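Shown next: query.cif, containing mmCIF, C-alpha atoms.
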```
data_protein
#
loop_
_atom_site.label_atom_id
_atom_site.label_comp_id
_atom_site.auth_asym_id
_atom_site.auth_seq_id
_atom_site.Cartn_x
_atom_site.Cartn_y
_atom_site.Cartn_z
CA MET A 30 -58.63 -69.44 55.10
CA ALA A 31 -58.64 -70.94 51.63
CA THR A 32 -56.40 -72.86 49.28
CA TRP A 33 -56.72 -72.80 45.53
CA ARG A 34 -54.97 -75.00 43.00
CA ILE A 35 -55.06 -73.16 39.70
CA PRO A 36 -53.36 -73.21 36.30
CA ALA A 37 -50.25 -71.04 36.36
CA ASN A 38 -51.70 -68.95 33.60
CA LEU A 39 -52.29 -65.17 33.39
CA GLU A 40 -55.97 -65.70 32.61
CA GLU A 41 -56.37 -66.90 36.19
CA LEU A 42 -55.01 -63.70 37.73
CA ASP A 43 -58.17 -61.64 38.16
CA ASN A 44 -60.09 -64.63 39.52
CA LEU A 45 -57.31 -65.19 42.06
CA THR A 46 -57.11 -61.59 43.22
CA GLY A 47 -60.91 -61.47 43.41
CA ARG A 48 -60.98 -64.51 45.67
CA ILE A 49 -58.23 -63.14 47.90
CA THR A 50 -60.05 -59.79 48.15
CA GLN A 51 -63.26 -61.53 49.14
CA LEU A 52 -61.54 -63.63 51.80
CA LEU A 53 -59.79 -60.62 53.32
CA GLU A 54 -62.96 -58.50 53.26
CA GLU A 55 -64.86 -61.28 55.01
CA ASN A 56 -62.19 -61.13 57.71
CA ASP A 57 -62.52 -57.35 58.07
CA CYS A 58 -58.97 -56.63 56.95
CA PRO A 59 -58.12 -52.95 56.45
CA GLN A 60 -58.46 -51.84 52.82
CA LYS A 61 -54.82 -50.82 52.60
CA ASN A 62 -53.67 -54.30 53.65
CA ILE A 63 -56.07 -55.89 51.17
CA ILE A 64 -54.64 -53.84 48.34
CA GLN A 65 -51.06 -54.58 49.33
CA THR A 66 -51.82 -58.29 49.55
CA ILE A 67 -53.42 -58.50 46.14
CA VAL A 68 -50.59 -56.53 44.53
CA VAL A 69 -48.10 -58.94 46.08
CA ALA A 70 -50.21 -61.93 45.04
CA GLU A 71 -50.23 -60.64 41.48
CA GLU A 72 -46.47 -60.13 41.42
CA ILE A 73 -45.74 -63.63 42.68
CA PHE A 74 -48.39 -65.38 40.60
CA VAL A 75 -47.37 -63.60 37.38
CA ASN A 76 -43.76 -64.63 37.95
CA ILE A 77 -44.84 -68.25 38.37
CA ALA A 78 -47.00 -68.04 35.25
CA HIS A 79 -44.15 -66.56 33.22
CA TYR A 80 -41.15 -68.51 34.43
CA ALA A 81 -41.81 -71.55 36.59
CA TYR A 82 -42.73 -73.98 33.83
CA GLN A 83 -40.86 -72.34 30.98
CA ASP A 84 -42.85 -73.25 27.88
CA LYS A 85 -44.94 -75.95 29.48
CA SER A 86 -48.15 -75.57 31.43
CA GLY A 87 -48.32 -76.12 35.15
CA GLU A 88 -50.18 -75.27 38.28
CA ALA A 89 -49.84 -73.08 41.32
CA LEU A 90 -51.13 -73.78 44.80
CA VAL A 91 -52.19 -70.58 46.55
CA HIS A 92 -53.11 -70.40 50.21
CA CYS A 93 -54.44 -67.35 51.99
CA ALA A 94 -55.39 -67.01 55.62
CA VAL A 95 -56.08 -64.39 58.22
CA ALA A 96 -54.71 -65.74 61.46
CA ASN A 97 -53.35 -64.93 64.85
CA GLU A 98 -49.66 -65.74 65.03
CA ASP A 99 -47.52 -65.00 68.08
CA GLY A 100 -50.26 -62.80 69.47
CA ARG A 101 -50.65 -60.62 66.37
CA SER A 102 -53.14 -60.65 63.53
CA VAL A 103 -51.58 -61.48 60.20
CA ILE A 104 -52.41 -62.15 56.58
CA ARG A 105 -50.55 -65.25 55.45
CA LEU A 106 -50.07 -65.86 51.74
CA GLU A 107 -48.36 -68.97 50.42
CA PHE A 108 -47.46 -69.90 46.86
CA GLU A 109 -46.27 -73.31 45.73
CA ASP A 110 -45.37 -74.48 42.27
CA TRP A 111 -43.79 -77.57 40.71
CA GLY A 112 -41.60 -75.61 38.34
CA ILE A 113 -37.86 -75.18 37.96
CA PRO A 114 -35.97 -74.46 41.17
CA TYR A 115 -36.11 -70.74 41.67
CA ASN A 116 -35.69 -68.60 44.76
CA PRO A 117 -36.96 -65.11 43.91
CA LEU A 118 -35.36 -63.71 47.07
CA GLU A 119 -31.92 -64.26 45.56
CA LYS A 120 -32.63 -61.76 42.79
CA ASP A 121 -30.83 -58.44 43.23
CA ASP A 122 -33.05 -55.47 44.02
CA PRO A 123 -33.46 -53.10 41.09
CA ASP A 124 -31.64 -49.79 41.28
CA THR A 125 -34.46 -47.43 42.23
CA THR A 126 -32.34 -44.32 41.67
CA MET A 127 -31.91 -44.69 37.93
CA THR A 128 -33.39 -42.26 35.43
CA ALA A 129 -36.34 -43.19 33.24
CA GLU A 130 -34.06 -43.95 30.30
CA ASP A 131 -31.90 -46.38 32.28
CA ARG A 132 -34.56 -47.84 34.51
CA GLN A 133 -35.21 -51.58 34.32
CA ILE A 134 -38.50 -53.23 35.23
CA GLY A 135 -37.02 -56.66 35.95
CA GLY A 136 -37.10 -57.64 39.60
CA LEU A 137 -39.62 -54.95 40.50
CA GLY A 138 -42.38 -57.39 41.42
CA ILE A 139 -40.40 -59.28 44.04
CA PHE A 140 -38.89 -56.01 45.27
CA MET A 141 -42.37 -54.58 45.83
CA SER A 142 -43.38 -57.81 47.56
CA LYS A 143 -40.45 -57.55 49.95
CA LYS A 144 -41.36 -53.95 50.73
CA MET A 145 -45.06 -54.55 51.23
CA MET A 146 -44.90 -57.71 53.33
CA ASP A 147 -43.37 -58.08 56.78
CA GLU A 148 -41.98 -61.59 56.45
CA ILE A 149 -41.04 -63.52 53.35
CA SER A 150 -39.30 -66.88 53.07
CA TYR A 151 -38.53 -69.44 50.40
CA SER A 152 -38.02 -73.18 50.57
CA ARG A 153 -37.85 -76.06 48.14
CA SER A 154 -38.69 -79.69 48.84
CA ASP A 155 -40.28 -82.60 47.01
CA GLY A 156 -39.81 -80.79 43.71
CA ARG A 157 -41.84 -77.79 44.86
CA ASN A 158 -40.91 -74.14 45.27
CA LYS A 159 -42.68 -72.57 48.23
CA LEU A 160 -42.89 -68.89 49.03
CA VAL A 161 -44.48 -67.76 52.29
CA LEU A 162 -45.39 -64.12 52.80
CA VAL A 163 -46.81 -62.64 55.99
CA LYS A 164 -48.31 -59.20 56.49
CA TYR A 165 -48.91 -57.93 60.01
CA ILE A 166 -52.32 -56.31 60.23
CA MET B 11 -60.32 -50.40 34.16
CA THR B 12 -61.86 -47.59 32.15
CA ILE B 13 -60.24 -44.52 30.64
CA GLN B 14 -62.16 -41.33 29.84
CA LYS B 15 -60.50 -38.65 27.77
CA THR B 16 -61.17 -34.94 27.74
CA THR B 17 -59.31 -32.70 25.35
CA GLU B 18 -58.33 -29.18 26.30
CA ALA B 19 -56.39 -26.61 24.33
CA ASP B 20 -52.95 -27.77 25.25
CA LYS B 21 -53.49 -31.17 26.80
CA THR B 22 -55.52 -34.35 27.05
CA ILE B 23 -56.88 -35.32 30.44
CA MET B 24 -57.25 -39.06 30.96
CA THR B 25 -59.36 -40.09 33.92
CA ILE B 26 -58.54 -43.67 34.85
CA GLU B 27 -60.88 -45.75 36.96
CA GLY B 28 -60.12 -49.16 38.41
CA HIS B 29 -56.79 -50.88 38.87
CA VAL B 30 -53.77 -51.00 36.62
CA ASN B 31 -52.45 -54.55 36.75
CA THR B 32 -51.10 -57.22 34.41
CA THR B 33 -54.53 -57.64 32.82
CA THR B 34 -55.38 -53.98 32.30
CA ALA B 35 -51.95 -52.37 31.83
CA PRO B 36 -51.78 -53.13 28.08
CA ASP B 37 -54.88 -50.99 27.51
CA LEU B 38 -53.39 -48.11 29.47
CA ASP B 39 -50.08 -48.54 27.68
CA ALA B 40 -51.77 -48.35 24.27
CA ALA B 41 -53.83 -45.30 25.22
CA LEU B 42 -50.85 -43.41 26.61
CA ILE B 43 -48.66 -44.19 23.60
CA GLU B 44 -51.43 -43.12 21.23
CA GLU B 45 -51.86 -39.75 22.92
CA LEU B 46 -48.17 -39.03 23.28
CA SER B 47 -47.42 -40.13 19.72
CA ALA B 48 -50.06 -37.66 18.55
CA GLY B 49 -48.05 -34.95 20.25
CA ASN B 50 -50.35 -34.25 23.16
CA ASN B 51 -49.41 -33.31 26.70
CA LEU B 52 -51.09 -35.58 29.20
CA VAL B 53 -52.69 -35.20 32.58
CA LEU B 54 -53.60 -38.50 34.21
CA ASP B 55 -56.24 -38.23 36.88
CA PHE B 56 -55.57 -41.10 39.27
CA GLU B 57 -58.29 -40.32 41.81
CA GLN B 58 -60.25 -43.48 40.94
CA VAL B 59 -57.20 -45.74 40.59
CA ALA B 60 -57.35 -48.34 43.36
CA TYR B 61 -53.85 -49.72 42.88
CA VAL B 62 -50.97 -50.09 40.44
CA SER B 63 -48.87 -53.25 40.14
CA SER B 64 -45.45 -53.53 38.50
CA ALA B 65 -47.19 -54.01 35.14
CA GLY B 66 -48.80 -50.62 35.63
CA LEU B 67 -45.45 -49.11 36.51
CA ARG B 68 -44.04 -50.54 33.30
CA ALA B 69 -46.77 -48.84 31.26
CA LEU B 70 -46.15 -45.53 33.04
CA LEU B 71 -42.40 -45.84 32.50
CA ASN B 72 -42.87 -46.50 28.76
CA ALA B 73 -45.11 -43.46 28.53
CA GLN B 74 -42.77 -41.23 30.51
CA LYS B 75 -39.83 -42.21 28.29
CA LEU B 76 -41.88 -41.33 25.20
CA ALA B 77 -42.99 -38.05 26.74
CA ASN B 78 -39.39 -37.18 27.56
CA LYS B 79 -38.26 -38.09 24.04
CA ASN B 80 -41.03 -36.06 22.39
CA GLY B 81 -40.67 -33.10 24.70
CA ARG B 82 -44.18 -33.57 26.07
CA ASP B 83 -45.43 -33.40 29.62
CA MET B 84 -47.13 -36.21 31.49
CA LEU B 85 -48.53 -35.33 34.88
CA ILE B 86 -50.19 -37.66 37.39
CA LYS B 87 -52.72 -36.03 39.67
CA ASN B 88 -54.87 -37.05 42.64
CA ALA B 89 -53.15 -40.39 43.22
CA SER B 90 -54.10 -42.00 46.52
CA ASP B 91 -51.61 -42.26 49.37
CA ASP B 92 -51.27 -46.00 48.69
CA VAL B 93 -50.41 -45.43 45.03
CA VAL B 94 -47.97 -42.62 45.91
CA GLU B 95 -46.38 -45.00 48.40
CA VAL B 96 -45.76 -47.48 45.59
CA PHE B 97 -44.21 -44.71 43.49
CA GLU B 98 -41.95 -43.78 46.40
CA MET B 99 -40.84 -47.30 47.34
CA THR B 100 -39.88 -48.08 43.75
CA GLY B 101 -38.17 -44.78 43.00
CA PHE B 102 -40.82 -43.97 40.39
CA ILE B 103 -41.64 -40.80 42.29
CA ASP B 104 -38.44 -39.39 40.79
CA ILE B 105 -39.16 -40.59 37.27
CA LEU B 106 -42.81 -39.60 36.98
CA ASN B 107 -44.32 -36.16 37.55
CA VAL B 108 -46.69 -36.71 40.43
CA GLU B 109 -48.65 -33.80 41.81
#
```
structure tokens encoding of this file:
Amino acid sequence: MATWRIPANLEELDNLTGRITQLLEENDCPQKNIIQTIVVAEEIFVNIAHYAYQDKSGEALVHCAVANEDGRSVIRLEFEDWGIPYNPLEKDDPDTTMTAEDRQIGGLGIFMSKKMMDEISYSRSDGRNKLVLVKYI
Amino acid sequence: MTIQKTTEADKTIMTIEGHVNTTTAPDLDAALIEELSAGNNLVLDFEQVAYVSSAGLRALLNAQKLANKNGRDMLIKNASDDVVEVFEMTGFIDILNVE
């Protein structure tokens, strides 16, 4: 497992996904699960970088672990930030049946995260947003 | 991410290698717009594409809209099962031409 405290800044993205990939490979996670986890990590981290601190700079705390929970192997991904209160799970899912001309991109990242992970939960305390995502391996 | 282009009589084939994410999607976006604006049909070979995030989907959507507007074809070939799964879960399988 590992925890990283990094600037909530797009320049940090590739470093973050590289570290998560390395951790998951060291734990012999299947390639498909690794890819899904880093896509989800990108979606969440990019949202924090874009919106959590509005025009100010800030940080994100990212935790990743491969663990045994309730008798099953899981990848656990946690994101915390000190930004404005925001629960991404409250956002409506995009309409995935629309044509190209009418299709919106907004909300796609969290929608993909919900689809790719098995558990996802949000909480806020002590001025921090916390998102916990779990993928069953 | 790298993009290699091959021109044939009626189309440009772009072979994309790597991943299409927030960092790399702008390059793909620019390359697709350039080709489609020049009036070319496009074939995107996705065999070496490891994954596509929502930023990548945005670039593909922009390109598909331009292709539709200009009456050009954009075809995605050899995408992995994981990438096709992303297209399916997001409804992009119905917007893009995926072979």
Worksheet entry | Target residues per the PyMOL selection byres ((chain A) within 8 of (chain B)), formatted as a list of chain:residue names | A:Leu39, A:Leu42, A:Asp43, A:Lys61, A:Ile64, A:Val68, A:Glu71, A:Glu72, A:Val75, A:Thr125, A:Thr126, A:Thr128, A:Ala129, A:Glu130, A:Ile134, A:Leu137, A:Gly138, A:Met141, A:Lys144
Practice prompt. Within 7 Å of (-44.6, -73.1, 39.7) (coordinates as in the file), grab all the protein and nucleic acid residues, counting only C-alpha atoms, and write them out as a PyMOL selection string.
Written response: chain A and resi 37+77+81-82+87-89+109-112+158
Discussion item. Please report the interatomic distance between atom CA of A:Glu119 and atom CA of A:Tyr151 in Å with one decimal.
Written reply: 9.7 Å
Discussion item. When the PyMOL selection byres ((chain A and resi 107) around 6) is applied to the structure above, which residues does it catch, written out as number ranges by chain?
Written reply: A: 91-92, 106, 108, 160-161
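Across the structure, atom CA of B:Asp55 and atom CA of B:Ile23 are spaced 7.1 Å apart.
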Using only C-alpha atoms, collect all residues at a distance of at most 6 Å from (-52.4, -69.3, 39.5) as written in the file, then present them as a compact mmCIF listing (two decimals) with C-alpha atoms, in the coordinates of the input.
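Below you can see out.txt, which holds the result:
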```
# COMPACT_ATOMS: atom_id res chain seq x y z
CA ILE A 35 -55.06 -73.16 39.70
CA PRO A 36 -53.36 -73.21 36.30
CA ALA A 37 -50.25 -71.04 36.36
CA ASN A 38 -51.70 -68.95 33.60
CA GLU A 41 -56.37 -66.90 36.19
CA PHE A 74 -48.39 -65.38 40.60
CA ALA A 89 -49.84 -73.08 41.32
```
Discussion item. Running the PyMOL selection byres ((chain A and resi 146-149) around 9) on this model by hand, what would come out? Give it as number ranges by chain.
Written reply: A: 65-66, 69, 118, 141-145, 150-151, 160-165
Could you write out the selected residues, including C-alpha atoms, as a CSV table (one decimal), in the coordinates of the input?
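File written: part-v2.csv
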```csv
chain,number,residue,atom,x,y,z
A,65,GLN,CA,-51.1,-54.6,49.3
A,66,THR,CA,-51.8,-58.3,49.6
A,69,VAL,CA,-48.1,-58.9,46.1
A,118,LEU,CA,-35.4,-63.7,47.1
A,141,MET,CA,-42.4,-54.6,45.8
A,142,SER,CA,-43.4,-57.8,47.6
A,143,LYS,CA,-40.4,-57.6,50.0
A,144,LYS,CA,-41.4,-54.0,50.7
A,145,MET,CA,-45.1,-54.6,51.2
A,150,SER,CA,-39.3,-66.9,53.1
A,151,TYR,CA,-38.5,-69.4,50.4
A,160,LEU,CA,-42.9,-68.9,49.0
A,161,VAL,CA,-44.5,-67.8,52.3
A,162,LEU,CA,-45.4,-64.1,52.8
A,163,VAL,CA,-46.8,-62.6,56.0
A,164,LYS,CA,-48.3,-59.2,56.5
A,165,TYR,CA,-48.9,-57.9,60.0
```
Discussion item. I need the residue nearest B:Pro36 from this list: B:Ile86, B:Met24, B:Ala69, B:Val94. Use only C-alpha atoms for the distance.
Written reply: B:Ala69
Worksheet item: From the list A:Gln133, A:Asn56, A:Ser152, A:Gln51, which residue is nearest A:Ser102 when using only C-alpha atoms?
Response: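 For A:Ser102, the nearest of the candidates is A:Asn56.
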Item to complete: Work out how far atom CA of B:Asn107 is from atom CA of B:Met84, in Å to one decimal.
Response: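 About the pair atom CA of B:Met84 and atom CA of B:Asn107: they are 6.7 Å apart.
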